[in-house]
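Printed here is work.txt (compact mmCIF, C-alpha atoms and all ligand atoms):
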# COMPACT_ATOMS: atom_id res chain seq x y z
CA MET A 83 59.53 29.63 59.22
CA GLY A 84 57.11 32.47 58.41
CA GLU A 85 59.31 34.56 56.11
CA PRO A 86 59.71 34.69 52.31
CA VAL A 87 61.72 31.76 51.00
CA ASP A 88 63.58 33.67 48.25
CA TRP A 89 66.92 33.76 50.07
CA LEU A 90 66.97 29.93 50.13
CA TRP A 91 64.99 29.01 46.98
CA ARG A 92 64.43 31.85 44.46
CA ASP A 93 62.53 29.83 41.82
CA ARG A 94 58.99 30.46 43.04
CA ASP A 95 57.17 28.17 40.58
CA SER A 96 59.16 25.06 41.44
CA PHE A 97 58.85 25.79 45.15
CA ALA A 98 55.06 26.09 44.82
CA ASP A 99 54.90 22.89 42.72
CA LEU A 100 56.93 20.95 45.27
CA PHE A 101 55.02 22.07 48.33
CA THR A 102 51.46 22.61 47.06
CA ARG A 103 50.77 20.85 43.74
CA TYR A 104 49.44 17.62 45.28
CA TYR A 105 46.98 19.55 47.46
CA THR A 106 45.71 22.01 44.84
CA ASP A 107 45.49 19.51 41.98
CA ARG A 108 44.71 16.15 43.58
CA GLU A 109 42.86 16.88 46.84
CA PRO A 110 41.39 20.39 46.65
CA GLU A 111 38.51 19.32 48.91
CA SER A 112 41.06 19.31 51.77
CA LEU A 113 42.43 22.77 51.00
CA LEU A 114 41.14 25.62 53.16
CA VAL A 115 41.92 29.32 52.95
CA ALA A 116 41.63 32.06 55.57
CA GLU A 117 40.39 35.52 54.61
CA ARG A 118 40.85 38.86 56.31
CA ASP A 119 39.11 42.01 55.00
CA GLY A 120 38.23 40.21 51.78
CA SER A 121 41.77 39.01 51.00
CA VAL A 122 43.22 35.54 51.30
CA VAL A 123 45.88 35.66 54.04
CA GLY A 124 46.64 31.99 54.56
CA TYR A 125 45.89 28.36 53.86
CA LEU A 126 45.78 24.89 55.32
CA SER A 127 46.60 22.20 52.78
CA GLY A 128 45.51 18.80 53.98
CA CYS A 129 45.58 15.17 52.95
CA ALA A 130 43.06 12.85 54.60
CA ASP A 131 45.04 9.68 53.81
CA SER A 132 48.79 10.08 53.39
CA ALA A 133 48.96 6.83 51.39
CA ARG A 134 47.29 8.82 48.57
CA SER A 135 50.10 11.38 48.40
CA HIS A 136 52.97 8.89 48.57
CA GLY A 137 55.62 9.69 45.98
CA ALA A 138 54.22 13.18 45.22
CA SER A 139 57.33 15.04 46.45
CA ALA A 140 59.71 12.62 44.70
CA THR A 141 57.74 13.12 41.46
CA GLU A 142 58.10 16.91 41.75
CA ILE A 143 61.85 16.65 42.44
CA ARG A 144 62.26 14.38 39.39
CA ARG A 145 60.30 16.87 37.24
CA LEU A 146 62.48 19.71 38.46
CA VAL A 147 65.72 17.82 37.77
CA VAL A 148 64.55 16.76 34.29
CA ARG A 149 63.73 20.43 33.54
CA GLY A 150 67.29 21.49 34.39
CA GLY A 151 66.87 22.27 38.09
CA LEU A 152 70.44 21.20 38.85
CA LEU A 153 71.67 24.08 36.68
CA ARG A 154 68.88 26.60 37.29
CA PRO A 155 69.89 29.67 39.34
CA GLY A 156 67.85 30.03 42.50
CA VAL A 157 67.31 26.31 43.06
CA ALA A 158 70.46 24.46 41.92
CA GLY A 159 72.34 25.33 45.12
CA PHE A 160 69.57 23.86 47.25
CA LEU A 161 69.36 20.65 45.20
CA TRP A 162 73.12 20.00 45.21
CA ARG A 163 73.38 20.74 48.94
CA SER A 164 70.48 18.31 49.57
CA ALA A 165 72.26 15.57 47.61
CA PHE A 166 75.48 16.10 49.59
CA ASP A 167 73.56 16.16 52.90
CA ILE A 168 71.81 12.86 52.07
CA ILE A 169 75.13 11.20 51.21
CA ARG A 170 76.82 12.60 54.33
CA ASP A 171 73.90 11.77 56.68
CA GLY A 172 73.42 8.33 55.15
CA SER A 173 69.65 8.86 55.46
CA THR A 174 66.90 11.33 54.66
CA VAL A 175 63.54 12.43 56.08
CA GLN A 176 60.72 10.07 55.13
CA GLU A 177 57.78 11.56 53.28
CA ASP A 178 55.32 11.23 56.16
CA LEU A 179 55.18 9.93 59.72
CA GLY A 180 54.25 6.41 58.62
CA ASP A 181 52.10 5.63 61.69
CA GLY A 182 48.67 4.16 60.91
CA ARG A 183 47.08 5.90 63.93
CA PHE A 184 47.60 9.25 62.18
CA PRO A 185 46.83 8.76 58.46
CA ALA A 186 46.02 12.42 57.67
CA HIS A 187 48.60 15.20 57.41
CA LEU A 188 48.61 18.95 56.84
CA HIS A 189 50.62 22.11 56.11
CA ILE A 190 49.55 25.55 57.34
CA ASN A 191 50.88 29.02 56.57
CA LEU A 192 49.55 32.53 57.18
CA LEU A 193 50.88 35.85 55.92
CA PRO A 194 52.10 38.18 58.71
CA GLN A 195 48.86 40.23 58.59
CA GLY A 196 46.82 37.07 59.30
CA ARG A 197 48.80 35.80 62.27
CA GLY A 198 47.97 35.95 65.98
CA ILE A 199 44.24 36.61 65.60
CA GLY A 200 42.88 33.06 65.76
CA LEU A 201 42.81 32.23 62.04
CA GLY A 202 45.29 29.37 62.42
CA ARG A 203 43.22 27.77 65.14
CA GLY A 204 40.08 28.34 63.04
CA LEU A 205 41.60 26.57 60.01
CA MET A 206 42.71 23.67 62.22
CA ASN A 207 39.29 23.27 63.84
CA ARG A 208 37.54 23.30 60.46
CA TRP A 209 39.96 20.66 59.12
CA PHE A 210 39.50 18.49 62.23
CA GLU A 211 35.70 18.67 61.82
CA GLY A 212 35.97 17.39 58.25
CA LEU A 213 38.33 14.58 59.28
CA ARG A 214 36.09 13.50 62.15
CA SER A 215 33.06 13.29 59.91
CA ALA A 216 35.12 11.15 57.51
CA LYS A 217 36.04 8.92 60.52
CA VAL A 218 39.78 9.62 60.18
CA PRO A 219 41.40 8.62 63.51
CA GLY A 220 44.39 10.96 63.65
CA VAL A 221 46.51 13.57 61.91
CA HIS A 222 50.22 14.37 61.77
CA LEU A 223 52.52 17.09 60.44
CA GLY A 224 56.20 17.82 60.01
CA THR A 225 57.53 21.20 61.11
CA PHE A 226 61.01 22.59 61.58
CA ALA A 227 62.20 22.00 65.14
CA GLU A 228 63.77 25.48 64.85
CA ASN A 229 60.28 27.03 64.31
CA ARG A 230 59.50 27.38 68.01
CA ASN A 231 56.40 29.56 67.45
CA ALA A 232 54.89 26.93 65.17
CA ILE A 233 55.66 24.14 67.67
CA ARG A 234 53.88 26.13 70.41
CA PHE A 235 50.93 26.73 68.09
CA PHE A 236 50.67 23.03 67.19
CA GLU A 237 50.93 22.04 70.88
CA SER A 238 48.09 24.45 71.64
CA CYS A 239 46.08 22.60 68.94
CA GLY A 240 46.65 19.26 70.71
CA PHE A 241 49.68 17.92 68.79
CA THR A 242 52.56 16.20 70.59
CA ARG A 243 56.10 15.55 69.33
CA GLN A 244 56.75 12.13 67.82
CA GLY A 245 60.36 11.02 68.20
CA GLN A 246 63.53 13.09 67.88
CA ALA A 247 64.00 15.87 65.33
CA ILE A 248 65.72 14.64 62.12
CA LYS A 249 68.27 16.54 59.99
CA ALA A 250 66.50 18.04 56.93
CA PRO A 251 68.62 17.77 53.74
CA GLY A 252 69.34 21.08 52.02
CA PHE A 253 67.76 23.39 54.56
CA ARG A 254 69.89 25.88 56.55
CA THR A 255 69.22 28.71 58.96
CA ARG A 256 70.36 32.16 57.84
CA GLU A 257 73.44 31.57 60.00
CA GLY A 258 74.21 28.41 57.99
CA ARG A 259 73.23 25.85 60.63
CA ARG A 260 71.46 22.58 59.73
CA MET A 261 67.68 22.51 60.24
CA HIS A 262 65.64 19.61 61.57
CA VAL A 263 62.17 18.17 60.93
CA GLN A 264 60.04 17.44 63.98
CA TRP A 265 57.09 15.12 63.47
CA MET A 266 53.99 15.92 65.57
CA ALA A 267 50.62 14.15 65.77
CA ARG A 268 47.26 14.07 67.50
CA LEU A 269 44.33 11.73 67.70
CA LEU A 270 40.98 13.18 66.67
CA ALA A 271 38.53 11.45 68.97
CA SER A 272 38.98 14.06 71.76
C1 LIG B 1 52.02 29.16 63.09
C2 LIG B 1 50.71 29.78 62.56
C3 LIG B 1 50.06 28.83 61.56
C4 LIG B 1 49.76 29.99 63.76
O1 LIG B 1 48.55 30.54 63.31
P1 LIG B 1 47.95 31.86 64.04
O2 LIG B 1 46.69 32.23 63.37
O3 LIG B 1 49.04 32.88 64.06
O4 LIG B 1 47.67 31.31 65.50
P2 LIG B 1 46.36 31.64 66.39
O5 LIG B 1 46.18 33.13 66.44
O6 LIG B 1 45.21 30.84 65.89
O7 LIG B 1 46.83 31.12 67.81
C5 LIG B 1 46.36 29.92 68.40
C6 LIG B 1 47.26 29.58 69.58
O8 LIG B 1 48.56 29.19 69.10
C7 LIG B 1 49.59 29.66 69.98
N1 LIG B 1 50.43 30.55 69.19
C8 LIG B 1 50.14 31.12 67.99
N2 LIG B 1 51.19 31.84 67.56
C9 LIG B 1 52.13 31.75 68.50
C10 LIG B 1 53.44 32.29 68.65
N3 LIG B 1 53.97 33.09 67.70
N4 LIG B 1 54.15 31.99 69.75
C11 LIG B 1 53.63 31.19 70.70
N5 LIG B 1 52.38 30.63 70.63
C12 LIG B 1 51.66 30.91 69.54
C13 LIG B 1 48.89 30.38 71.11
O9 LIG B 1 48.70 29.44 72.16
C14 LIG B 1 47.54 30.73 70.54
O10 LIG B 1 46.52 30.70 71.48
P3 LIG B 1 46.06 32.07 72.24
O11 LIG B 1 45.78 33.05 71.16
O12 LIG B 1 44.85 31.62 72.98
O13 LIG B 1 47.21 32.44 73.10
C15 LIG B 1 50.95 31.16 61.88
O14 LIG B 1 51.41 32.08 62.84
C16 LIG B 1 51.93 31.10 60.72
O15 LIG B 1 51.55 30.81 59.60
N6 LIG B 1 53.20 31.38 60.99
C17 LIG B 1 54.22 31.45 59.95
C18 LIG B 1 54.37 30.21 59.09
C19 LIG B 1 54.60 28.97 59.89
O16 LIG B 1 55.42 28.93 60.79
N7 LIG B 1 53.86 27.92 59.53
C20 LIG B 1 53.99 26.62 60.11
C21 LIG B 1 54.84 25.80 59.22
S1 LIG B 1 54.95 24.12 59.74
Please, can you express the file's structure as structure tokens?
Amino acid sequence: MGEPVDWLWRDRDSFADLFTRYYTDREPESLLVAERDGSVVGYLSGCADSARSHGASATEIRRLVVRGGLLRPGVAGFLWRSAFDIIRDGSTVQEDLGDGRFPAHLHINLLPQGRGIGLGRGLMNRWFEGLRSAKVPGVHLGTFAENRNAIRFFESCGFTRQGQAIKAPGFRTREGRRMHVQWMARLLAS
């Protein structure tokens, strides 16, 4: 959502492992960074074929649980709430869109000082160029439906919403409301 995650998940290492380990360790060729005045102010972490990253998040969750995550301050609350949400909802969010027209996926985040000056669009265009030269037909992403700025940004980059937003286990707004994942996708030919 563009703000530090500490209020929801204080254990920084496990958060970084869960959301970035696959991209830094297994597919660094699809990881781009944006610089401003000589400092890194953001990144796009991509995966050209989501079949390659299948199971990566589940592996990280298992690692975290085995290392005592369910008792560790700063993350235990999130994990238990997620488990209750999954039981109550009777379903969870799948790991990727699962539509063969859009095999690639991405995550993108900029620090406040890097936003609103075209760096996000620049990262996207560079990533699209790489995918086109690798003949990848399309790309998707999951964002929070509540992140209206991000949705507008992705729409301006050619993405459209795919299906209804889905309840995201564990995640809450600061006011305590459930959050939802919205899948978005675009073809790369145009
Ligand atoms: C969302 C984000 C990646 C956009 O990158 P950015 O560099 O700020 O965006 P750009 O400056 O390249 O803007 C490109 C276009 O996106 C749209 N856009 C960008 N930020 C917007 C905002 N806050 N509200 C509405 N539209 C926005 C505009 O149409 C803009 O085009 P314009 O400049 O011609 O008007 C970045 O702001 C960010 O990291 N935000 C916080 C983290 C986040 O929400 N990440 C997404 C998680 S899924």
Subject >> Surrounding residues of segment 129-145 of chain A excluding itself and chain neighbours under 4 positions, 7 Å, only C-alpha atoms, as an MDAnalysis selection string >> reply: chainID A and resid 99:100 104 109 112 149 185:188 213
Would you write out those residues with C-alpha atoms, as a CSV table (one decimal), in the coordinates of the input?
chain,number,residue,atom,x,y,z
A,99,ASP,CA,54.9,22.9,42.7
A,100,LEU,CA,56.9,21.0,45.3
A,104,TYR,CA,49.4,17.6,45.3
A,109,GLU,CA,42.9,16.9,46.8
A,112,SER,CA,41.1,19.3,51.8
A,149,ARG,CA,63.7,20.4,33.5
A,185,PRO,CA,46.8,8.8,58.5
A,186,ALA,CA,46.0,12.4,57.7
A,187,HIS,CA,48.6,15.2,57.4
A,188,LEU,CA,48.6,19.0,56.8
A,213,LEU,CA,38.3,14.6,59.3
Subject >> Given all atoms listed in the file as the counted atoms, nearest of A:Met206, A:Ala232, A:Met266, A:Ile248 to Gly84 of chain A >> reply: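 Looking only at the distances to Gly84 of chain A, the closest residue turns out to be A:Ala232.
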Can you build me a table of chain A residues sitting at most 8 Å from ligand LIG 1 (chain B), with the closest atom pair per residue and its distance in Å to one decimal, using all atoms listed in the file, sorted by chain and residue number, as JSON lines?
{"residue": "A:Met83", "atom": "CA", "partner": "B:LIG1", "partner_atom": "O16", "distance": 4.5}
{"residue": "A:Gly84", "atom": "CA", "partner": "B:LIG1", "partner_atom": "C17", "distance": 3.4}
{"residue": "A:Glu85", "atom": "CA", "partner": "B:LIG1", "partner_atom": "C17", "distance": 7.1}
{"residue": "A:Gly124", "atom": "CA", "partner": "B:LIG1", "partner_atom": "O15", "distance": 7.1}
{"residue": "A:His189", "atom": "CA", "partner": "B:LIG1", "partner_atom": "S1", "distance": 6.0}
{"residue": "A:Ile190", "atom": "CA", "partner": "B:LIG1", "partner_atom": "C20", "distance": 5.3}
{"residue": "A:Asn191", "atom": "CA", "partner": "B:LIG1", "partner_atom": "O15", "distance": 3.6}
{"residue": "A:Leu192", "atom": "CA", "partner": "B:LIG1", "partner_atom": "O15", "distance": 3.6}
{"residue": "A:Leu193", "atom": "CA", "partner": "B:LIG1", "partner_atom": "O15", "distance": 6.3}
{"residue": "A:Pro194", "atom": "CA", "partner": "B:LIG1", "partner_atom": "C17", "distance": 7.2}
{"residue": "A:Gly196", "atom": "CA", "partner": "B:LIG1", "partner_atom": "O2", "distance": 6.3}
{"residue": "A:Arg197", "atom": "CA", "partner": "B:LIG1", "partner_atom": "O3", "distance": 3.4}
{"residue": "A:Gly198", "atom": "CA", "partner": "B:LIG1", "partner_atom": "O5", "distance": 3.4}
{"residue": "A:Ile199", "atom": "CA", "partner": "B:LIG1", "partner_atom": "O5", "distance": 4.1}
{"residue": "A:Gly200", "atom": "CA", "partner": "B:LIG1", "partner_atom": "O6", "distance": 3.2}
{"residue": "A:Leu201", "atom": "CA", "partner": "B:LIG1", "partner_atom": "O2", "distance": 4.1}
{"residue": "A:Gly202", "atom": "CA", "partner": "B:LIG1", "partner_atom": "O2", "distance": 3.3}
{"residue": "A:Arg203", "atom": "CA", "partner": "B:LIG1", "partner_atom": "O6", "distance": 3.7}
{"residue": "A:Gly204", "atom": "CA", "partner": "B:LIG1", "partner_atom": "O6", "distance": 6.4}
{"residue": "A:Leu223", "atom": "CA", "partner": "B:LIG1", "partner_atom": "S1", "distance": 7.5}
{"residue": "A:Gly224", "atom": "CA", "partner": "B:LIG1", "partner_atom": "S1", "distance": 6.4}
{"residue": "A:Thr225", "atom": "CA", "partner": "B:LIG1", "partner_atom": "S1", "distance": 4.1}
{"residue": "A:Phe226", "atom": "CA", "partner": "B:LIG1", "partner_atom": "S1", "distance": 6.5}
{"residue": "A:Asn229", "atom": "CA", "partner": "B:LIG1", "partner_atom": "O16", "distance": 6.3}
{"residue": "A:Arg230", "atom": "CA", "partner": "B:LIG1", "partner_atom": "N4", "distance": 7.3}
{"residue": "A:Asn231", "atom": "CA", "partner": "B:LIG1", "partner_atom": "N4", "distance": 4.0}
{"residue": "A:Ala232", "atom": "CA", "partner": "B:LIG1", "partner_atom": "C1", "distance": 4.2}
{"residue": "A:Ile233", "atom": "CA", "partner": "B:LIG1", "partner_atom": "C1", "distance": 7.7}
{"residue": "A:Arg234", "atom": "CA", "partner": "B:LIG1", "partner_atom": "N5", "distance": 4.7}
{"residue": "A:Phe235", "atom": "CA", "partner": "B:LIG1", "partner_atom": "O8", "distance": 3.6}
{"residue": "A:Phe236", "atom": "CA", "partner": "B:LIG1", "partner_atom": "O8", "distance": 6.8}
{"residue": "A:Glu237", "atom": "CA", "partner": "B:LIG1", "partner_atom": "O8", "distance": 7.7}
{"residue": "A:Ser238", "atom": "CA", "partner": "B:LIG1", "partner_atom": "O9", "distance": 5.1}
{"residue": "A:Cys239", "atom": "CA", "partner": "B:LIG1", "partner_atom": "O8", "distance": 7.0}
Subject >> Residue nearest Phe160 of chain A - candidates A:Ser96, A:Gln264, A:Thr106, A:Ser121, atoms counted: all atoms listed in the file >> reply: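 Of the candidates, the smallest distance to Phe160 of chain A is held by A:Ser96.
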Original post:
If you count all atoms listed in the file, which residues fall within 12 Å of Ser164 of chain A, apart from same-chain ones fewer than 5 positions away, as a ChimeraX atom specification?
Top reply: /A:143,152,157-159,169-175,249-254,260-261
Original post:
By how many Å are atom CA of Trp162 of chain A and atom CA of Arg92 of chain A apart?
Top reply: 14.7 Å
Using all atoms of segment 110-128 of chain A that appear in the file, construct an axis-aligned enclosing box with 3 Å of padding on every side and provide its centre coordinates and edge lengths in Å, rounded to one decimal, as JSON.
{"center_x": 42.4, "center_y": 30.4, "center_z": 51.5, "size_x": 14.4, "size_y": 29.2, "size_z": 15.7}
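For the atom pair formed by atom CA of Ser127 of chain A and atom CA of Val263 of chain A, the distance is 18.0 Å, given to one decimal.
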**OP:** Report the distance between atom CA of Val218 of chain A and atom CA of Tyr125 of chain A in Å, rounded to one decimal place.
**Re:** 20.7 Å
**OP:** Rank nothing, just name the residue among A:Glu228, A:Val123, A:Ala247, A:Ala165 nearest to Arg259 of chain A, using all atoms listed in the file.
**Re:**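 Closest to Arg259 of chain A of all the choices is A:Glu228.
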Subject >> Counting only C-alpha atoms, the option among A:Leu146, A:Leu90, A:Val221, A:Trp209 closest to Glu111 of chain A >> reply: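 For Glu111 of chain A, the nearest of the given residues is A:Trp209.
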Subject >> Expected residue set, 6 Å radius at (48.8, 21.0, 50.4), all atoms listed in the file, as a list of chain:residue names >> reply: A:Thr102, A:Tyr105, A:Ser127, A:Gly128
Export of the given selection (C-alpha atoms) as a short mmCIF file (atom, residue, chain, number, x, y, z; two decimals), in the coordinates of the input:
data_model
loop_
_atom_site.label_atom_id
_atom_site.label_comp_id
_atom_site.auth_asym_id
_atom_site.auth_seq_id
_atom_site.Cartn_x
_atom_site.Cartn_y
_atom_site.Cartn_z
CA THR A 102 51.46 22.61 47.06
CA TYR A 105 46.98 19.55 47.46
CA SER A 127 46.60 22.20 52.78
CA GLY A 128 45.51 18.80 53.98
#
**OP:** Write out as a list in words each polymer residue whose atoms come within 8 Å of Trp91 of chain A, counting only C-alpha atoms; drop sequence neighbours fewer than 2 positions from it.
**Re:** Val87, Asp88, Trp89, Asp93, Arg94, Phe97, Gly156, Val157 and Phe160 of chain A
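You can rank A:Gly258, A:Gly180, A:Pro110, A:Gly120 by their closest distance to Arg163 of chain A using all atoms listed in the file, and at the top of that list sits A:Gly258.
In terms of minimum interatomic distance to Gly220 of chain A, A:Arg183 ranks closest within A:Gly240, A:Arg183, A:Glu117, A:Gly245, counting only C-alpha atoms.
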